[in-house]
$ cat model.txt   # compact mmCIF, C-alpha atoms and all ligand atoms
# COMPACT_ATOMS: atom_id res chain seq x y z
CA MET A 1 -220.16 35.52 12.86
CA ALA A 2 -221.66 32.11 13.63
CA SER A 3 -222.58 29.73 10.89
CA LEU A 4 -225.82 29.19 9.05
CA THR A 5 -226.68 25.67 7.93
CA VAL A 6 -229.44 25.02 5.46
CA LEU A 7 -230.91 21.52 5.48
CA ALA A 8 -233.23 20.14 2.83
CA GLY A 9 -234.40 16.76 1.67
CA PRO A 10 -237.45 15.07 0.22
CA THR A 11 -240.67 14.39 2.05
CA ALA A 12 -240.58 11.57 4.63
CA VAL A 13 -236.78 11.29 4.52
CA GLY A 14 -236.79 11.83 8.27
CA LYS A 15 -235.69 15.47 8.53
CA GLY A 16 -237.87 15.97 11.60
CA ALA A 17 -236.36 13.04 13.50
CA VAL A 18 -232.79 13.98 12.57
CA VAL A 19 -233.27 17.63 13.52
CA ALA A 20 -234.99 16.74 16.82
CA ALA A 21 -232.16 14.38 17.75
CA LEU A 22 -229.55 16.98 16.81
CA LEU A 23 -231.22 19.61 19.02
CA ARG A 24 -231.39 17.20 21.95
CA LYS A 25 -227.68 16.57 21.64
CA TYR A 26 -226.68 20.17 20.82
CA PRO A 27 -229.19 22.47 22.56
CA ASN A 28 -227.17 25.56 21.63
CA VAL A 29 -228.27 25.22 18.00
CA TYR A 30 -231.08 27.61 17.08
CA LEU A 31 -233.65 26.02 14.77
CA SER A 32 -235.43 28.64 12.71
CA VAL A 33 -239.22 28.65 13.20
CA SER A 34 -240.77 29.16 9.78
CA ALA A 35 -243.84 31.20 8.97
CA THR A 36 -246.54 29.37 7.02
CA THR A 37 -250.05 29.81 5.68
CA ARG A 38 -250.73 26.11 6.26
CA PRO A 39 -253.23 25.44 9.04
CA ALA A 40 -251.80 23.87 12.19
CA ARG A 41 -252.04 20.10 12.49
CA PRO A 42 -253.26 18.59 15.75
CA GLY A 43 -250.53 18.99 18.36
CA GLU A 44 -248.70 21.76 16.53
CA VAL A 45 -248.12 24.90 18.58
CA ASP A 46 -248.02 28.39 17.10
CA GLY A 47 -244.58 29.93 17.53
CA VAL A 48 -243.01 26.54 18.31
CA HIS A 49 -243.51 24.37 15.24
CA TYR A 50 -244.39 27.25 12.92
CA HIS A 51 -245.71 30.77 13.03
CA PHE A 52 -249.16 30.08 11.60
CA LEU A 53 -250.18 33.12 9.57
CA THR A 54 -253.14 34.20 7.47
CA ASP A 55 -252.50 34.99 3.80
CA ALA A 56 -252.70 38.70 4.62
CA GLN A 57 -250.16 38.38 7.46
CA PHE A 58 -247.80 36.44 5.19
CA ASP A 59 -248.19 39.10 2.44
CA GLN A 60 -247.27 41.73 4.99
CA LEU A 61 -244.12 39.88 6.02
CA VAL A 62 -243.08 39.58 2.35
CA CYS A 63 -243.77 43.28 1.76
CA ASN A 64 -241.74 44.29 4.79
CA ASN A 65 -238.80 42.25 3.54
CA GLY A 66 -239.11 40.18 6.70
CA LEU A 67 -238.26 36.82 5.13
CA LEU A 68 -234.86 35.43 4.15
CA GLU A 69 -236.66 33.33 1.58
CA TRP A 70 -240.12 32.00 0.94
CA ALA A 71 -241.76 29.48 -1.36
CA LEU A 72 -245.03 27.84 -2.28
CA VAL A 73 -244.45 24.26 -1.14
CA HIS A 74 -246.17 21.26 -2.76
CA GLY A 75 -248.12 23.81 -4.78
CA GLN A 76 -250.32 24.54 -1.80
CA TYR A 77 -249.20 26.73 1.08
CA ARG A 78 -246.50 29.39 1.50
CA TYR A 79 -243.60 28.86 3.89
CA GLY A 80 -240.82 31.32 4.72
CA THR A 81 -237.86 31.88 7.02
CA PRO A 82 -238.23 34.94 9.29
CA LYS A 83 -235.13 37.06 8.78
CA ALA A 84 -234.92 38.86 12.12
CA ALA A 85 -234.72 35.74 14.32
CA VAL A 86 -232.03 34.12 12.16
CA GLU A 87 -229.93 37.29 12.10
CA ALA A 88 -230.32 37.88 15.84
CA HIS A 89 -229.16 34.36 16.71
CA LEU A 90 -226.24 34.50 14.29
CA ALA A 91 -225.22 37.81 15.83
CA THR A 92 -225.02 36.21 19.28
CA GLY A 93 -222.73 33.53 17.90
CA GLN A 94 -225.26 30.71 17.97
CA PRO A 95 -225.16 28.15 15.16
CA VAL A 96 -228.41 28.42 13.19
CA LEU A 97 -230.18 25.65 11.31
CA VAL A 98 -232.95 26.22 8.79
CA GLU A 99 -234.93 23.36 7.29
CA ILE A 100 -236.57 24.41 4.05
CA ASP A 101 -237.52 23.24 0.56
CA LEU A 102 -235.44 23.37 -2.61
CA ALA A 103 -236.83 26.68 -3.85
CA GLY A 104 -235.89 28.27 -0.53
CA VAL A 105 -232.42 26.74 -0.68
CA ARG A 106 -231.82 28.33 -4.07
CA GLN A 107 -232.82 31.75 -2.74
CA ILE A 108 -230.51 31.54 0.29
CA ARG A 109 -227.71 30.39 -2.01
CA GLN A 110 -228.04 33.74 -3.77
CA THR A 111 -228.38 35.94 -0.70
CA MET A 112 -226.16 34.09 1.82
CA PRO A 113 -223.65 32.08 -0.21
CA ALA A 114 -221.45 31.48 2.83
CA ALA A 115 -224.11 29.24 4.37
CA LYS A 116 -223.56 25.48 4.37
CA PHE A 117 -226.06 23.56 2.26
CA ILE A 118 -226.78 19.98 3.28
CA PHE A 119 -229.07 17.49 1.57
CA LEU A 120 -230.62 14.66 3.55
CA ALA A 121 -231.21 11.69 1.24
CA PRO A 122 -233.07 8.40 1.70
CA PRO A 123 -231.13 5.13 1.37
CA SER A 124 -233.21 4.40 -1.76
CA TRP A 125 -236.31 5.52 -3.64
CA ASP A 126 -238.25 2.44 -2.47
CA GLU A 127 -237.36 3.20 1.15
CA LEU A 128 -238.61 6.78 0.74
CA VAL A 129 -241.95 5.56 -0.66
CA ALA A 130 -242.22 3.04 2.20
CA ARG A 131 -241.53 5.74 4.83
CA LEU A 132 -244.12 8.08 3.31
CA ARG A 133 -246.79 5.36 3.09
CA GLY A 134 -245.81 4.01 6.52
CA ARG A 135 -246.38 7.24 8.41
CA GLY A 136 -249.89 7.45 6.97
CA THR A 137 -250.34 11.16 7.60
CA GLU A 138 -251.20 12.06 3.99
CA ASP A 139 -253.97 10.70 1.77
CA GLU A 140 -253.18 9.02 -1.56
CA ALA A 141 -253.42 12.22 -3.64
CA GLU A 142 -251.16 14.12 -1.24
CA GLN A 143 -248.66 11.22 -1.20
CA GLN A 144 -248.49 11.34 -5.01
CA ARG A 145 -247.98 15.10 -4.96
CA ARG A 146 -245.18 14.77 -2.42
CA LEU A 147 -243.49 11.98 -4.38
CA GLU A 148 -243.50 14.13 -7.52
CA THR A 149 -241.80 16.91 -5.54
CA ALA A 150 -239.38 14.36 -4.07
CA LYS A 151 -238.22 13.30 -7.55
CA VAL A 152 -237.33 16.89 -8.39
CA GLU A 153 -235.57 17.37 -5.05
CA LEU A 154 -233.51 14.16 -5.38
CA ALA A 155 -232.38 15.27 -8.82
CA ALA A 156 -231.02 18.48 -7.26
CA ALA A 157 -228.81 16.79 -4.64
CA SER A 158 -225.66 17.81 -6.50
CA GLU A 159 -226.45 21.51 -5.84
CA PHE A 160 -225.64 20.95 -2.16
CA ASP A 161 -222.26 21.06 -0.43
CA LEU A 162 -222.87 17.69 1.19
CA THR A 163 -225.34 14.79 1.00
CA ILE A 164 -226.04 12.79 4.14
CA VAL A 165 -227.88 9.49 3.68
CA ASN A 166 -230.42 8.98 6.45
CA ASP A 167 -230.01 5.24 6.87
CA GLU A 168 -230.00 5.52 10.65
CA VAL A 169 -230.91 8.63 12.64
CA GLU A 170 -227.95 8.47 15.05
CA THR A 171 -225.43 8.20 12.22
CA ALA A 172 -227.10 10.98 10.26
CA VAL A 173 -227.03 13.24 13.35
CA THR A 174 -223.33 12.59 13.85
CA ARG A 175 -222.60 13.48 10.22
CA LEU A 176 -224.75 16.59 10.40
CA ALA A 177 -223.08 17.72 13.64
CA GLU A 178 -219.66 17.25 12.05
CA ALA A 179 -220.69 19.25 8.98
CA MET A 180 -221.97 22.06 11.23
CA GLY A 181 -218.71 22.09 13.16
CA LEU A 182 -220.43 21.03 16.39
CA ALA A 183 -218.66 17.71 16.89
P1 LIG B 1 -244.91 20.49 6.43
O1 LIG B 1 -246.15 21.13 5.92
O2 LIG B 1 -244.93 18.99 6.26
O3 LIG B 1 -244.59 20.90 7.84
O4 LIG B 1 -243.69 21.02 5.55
C1 LIG B 1 -243.69 20.86 4.18
C2 LIG B 1 -242.38 21.33 3.61
O5 LIG B 1 -242.22 22.73 3.76
C3 LIG B 1 -241.14 20.71 4.24
O6 LIG B 1 -240.58 19.80 3.35
C4 LIG B 1 -240.18 21.85 4.47
O7 LIG B 1 -238.94 21.62 3.85
C5 LIG B 1 -240.85 23.03 3.80
N1 LIG B 1 -240.62 24.23 4.61
C6 LIG B 1 -240.82 24.38 5.95
N2 LIG B 1 -240.50 25.61 6.33
C7 LIG B 1 -240.04 26.26 5.23
C8 LIG B 1 -239.55 27.59 5.01
O8 LIG B 1 -239.43 28.42 5.90
N3 LIG B 1 -239.20 27.89 3.74
C9 LIG B 1 -239.31 27.00 2.70
N4 LIG B 1 -238.91 27.39 1.49
N5 LIG B 1 -239.75 25.75 2.89
C10 LIG B 1 -240.12 25.39 4.13
$ encode --input "model.txt" --output "structure tokens"
Amino acid sequence: MASLTVLAGPTAVGKGAVVAALLRKYPNVYLSVSATTRPARPGEVDGVHYHFLTDAQFDQLVCNNGLLEWALVHGQYRYGTPKAAVEAHLATGQPVLVEIDLAGVRQIRQTMPAAKFIFLAPPSWDELVARLRGRGTEDEAEQQRRLETAKVELAAASEFDLTIVNDEVETAVTRLAEAMGLA
């Protein structure tokens, strides 16, 4: 059985950049495509970035036991990991990576304790705030909401098997690849 790696980390820590660079370097890794009730942002493609679902469709998936985990993220929209795709890729021997929030991590810890849990951390709190403000994709209220969530997530870093500090994307990718047994 191939390995499942669960990656989490606070908002704006750079999970997207690290994961994208990892996939470029290791194209055999399957990145789980989450289901969400959040509307697509400009440029996001259904089935590629997320499976964009209505509330009713998401309810159905939950009812059918189709999700490995799911959570209400930032108190707003539901996000979940489709079970079938993860299991199918693991069964073919492909390493699987899921990138989810802390509530989801805690659920997978219960149901799949053999998974590897990795926390991506910012070099410092100030740097995290600067990255969030710098990308300018959220308004002030949303930034505050995300920073509140980030505090809770940073406090939970010790629940993970490994913390990788994202000081530089290339270095973080190398550490992640090593932890996943790819390098
Ligand atoms: P965004 O809306 O910015 O794409 O994602 C917001 C947050 O949702 C991210 O921090 C990410 O960790 C979390 N998230 C994305 N997919 C999932 C999922 O399938 N399950 C859970 N629990 N969280 C997810």
$ residues_near_ligand --input "model.txt" --ligand "ligand LIG 1 (chain B)" --cutoff "10 Å" --atoms "all atoms listed in the file" --output "compact mmCIF listing (two decimals) with C-alpha atoms, in the frame of the given file"
# COMPACT_ATOMS: atom_id res chain seq x y z
CA LEU A 7 -230.91 21.52 5.48
CA ALA A 8 -233.23 20.14 2.83
CA GLY A 9 -234.40 16.76 1.67
CA PRO A 10 -237.45 15.07 0.22
CA THR A 11 -240.67 14.39 2.05
CA ALA A 12 -240.58 11.57 4.63
CA VAL A 13 -236.78 11.29 4.52
CA LYS A 15 -235.69 15.47 8.53
CA GLY A 16 -237.87 15.97 11.60
CA SER A 32 -235.43 28.64 12.71
CA VAL A 33 -239.22 28.65 13.20
CA SER A 34 -240.77 29.16 9.78
CA ALA A 35 -243.84 31.20 8.97
CA THR A 36 -246.54 29.37 7.02
CA THR A 37 -250.05 29.81 5.68
CA ARG A 38 -250.73 26.11 6.26
CA PRO A 39 -253.23 25.44 9.04
CA ALA A 40 -251.80 23.87 12.19
CA ARG A 41 -252.04 20.10 12.49
CA GLU A 44 -248.70 21.76 16.53
CA HIS A 49 -243.51 24.37 15.24
CA TYR A 50 -244.39 27.25 12.92
CA HIS A 51 -245.71 30.77 13.03
CA LEU A 67 -238.26 36.82 5.13
CA LEU A 68 -234.86 35.43 4.15
CA GLU A 69 -236.66 33.33 1.58
CA TRP A 70 -240.12 32.00 0.94
CA ALA A 71 -241.76 29.48 -1.36
CA LEU A 72 -245.03 27.84 -2.28
CA VAL A 73 -244.45 24.26 -1.14
CA HIS A 74 -246.17 21.26 -2.76
CA GLN A 76 -250.32 24.54 -1.80
CA TYR A 77 -249.20 26.73 1.08
CA ARG A 78 -246.50 29.39 1.50
CA TYR A 79 -243.60 28.86 3.89
CA GLY A 80 -240.82 31.32 4.72
CA THR A 81 -237.86 31.88 7.02
CA PRO A 82 -238.23 34.94 9.29
CA VAL A 98 -232.95 26.22 8.79
CA GLU A 99 -234.93 23.36 7.29
CA ILE A 100 -236.57 24.41 4.05
CA ASP A 101 -237.52 23.24 0.56
CA LEU A 102 -235.44 23.37 -2.61
CA ALA A 103 -236.83 26.68 -3.85
CA GLY A 104 -235.89 28.27 -0.53
CA VAL A 105 -232.42 26.74 -0.68
CA ARG A 106 -231.82 28.33 -4.07
CA GLN A 107 -232.82 31.75 -2.74
CA ILE A 108 -230.51 31.54 0.29
CA THR A 137 -250.34 11.16 7.60
CA GLU A 138 -251.20 12.06 3.99
CA ARG A 146 -245.18 14.77 -2.42
CA THR A 149 -241.80 16.91 -5.54
CA ALA A 150 -239.38 14.36 -4.07
$ closest_atom_pairs --input "model.txt" --of "range 40-141 of chain A" --to "range 164-174 of chain A" --cutoff "10 Å" --atoms "only C-alpha atoms" --output "CSV"
residue,atom,partner,partner_atom,distance
A:Ile118,CA,A:Ile164,CA,7.3
A:Phe119,CA,A:Ile164,CA,6.2
A:Leu120,CA,A:Ile164,CA,5.0
A:Ala121,CA,A:Val165,CA,4.7
A:Pro122,CA,A:Asn166,CA,5.5
A:Pro123,CA,A:Asp167,CA,5.6
A:Ser124,CA,A:Val165,CA,9.2
A:Glu127,CA,A:Asp167,CA,9.5
$ residues_around --input "model.txt" --residues "range 20-30 of chain A" --least-positions-apart "5" --cutoff "7 Å" --atoms "all atoms listed in the file" --output "PyMOL selection string"
chain A and resi 94-97+173
$ write_last_selection --input "model.txt" --atoms "C-alpha atoms" --output "mmCIF file, in the frame of the given file"
data_model
loop_
_atom_site.group_PDB
_atom_site.id
_atom_site.type_symbol
_atom_site.label_atom_id
_atom_site.label_comp_id
_atom_site.auth_asym_id
_atom_site.auth_seq_id
_atom_site.Cartn_x
_atom_site.Cartn_y
_atom_site.Cartn_z
ATOM 1 C CA GLN A 94 -225.260 30.710 17.970
ATOM 2 C CA PRO A 95 -225.160 28.150 15.160
ATOM 3 C CA VAL A 96 -228.410 28.420 13.190
ATOM 4 C CA LEU A 97 -230.180 25.650 11.310
ATOM 5 C CA VAL A 173 -227.030 13.240 13.350
#
$ atom_distance --input "model.txt" --atom1 "CA of Lys116 in chain A" --atom2 "CA of Leu61 in chain A"
25.2 Å
$ residues_around --input "model.txt" --residues "Leu147 in chain A" --least-positions-apart "5" --cutoff "9 Å" --atoms "all atoms listed in the file" --output "list in words"
Pro10, Thr11, Leu128, Val129, Leu132, Glu142 and Val152 of chain A
$ closest_residue --input "model.txt" --among "A:Ala114, A:Arg109, A:Asp55, A:Val18" --to "Glu159 in chain A" --atoms "all atoms listed in the file"
A:Arg109
$ axis_aligned_box --input "model.txt" --around "range 34-40 of chain A" --padding-each-side "6 Å" --output "AutoDock Vina command-line options"
--center_x -247.0 --center_y 27.5 --center_z 8.9 --size_x 24.5 --size_y 19.3 --size_z 18.5
$ closest_residue --input "model.txt" --among "A:Arg145, A:Gly47, A:Ala156, A:Ser3" --to "Leu182 in chain A" --atoms "only C-alpha atoms"
A:Ser3
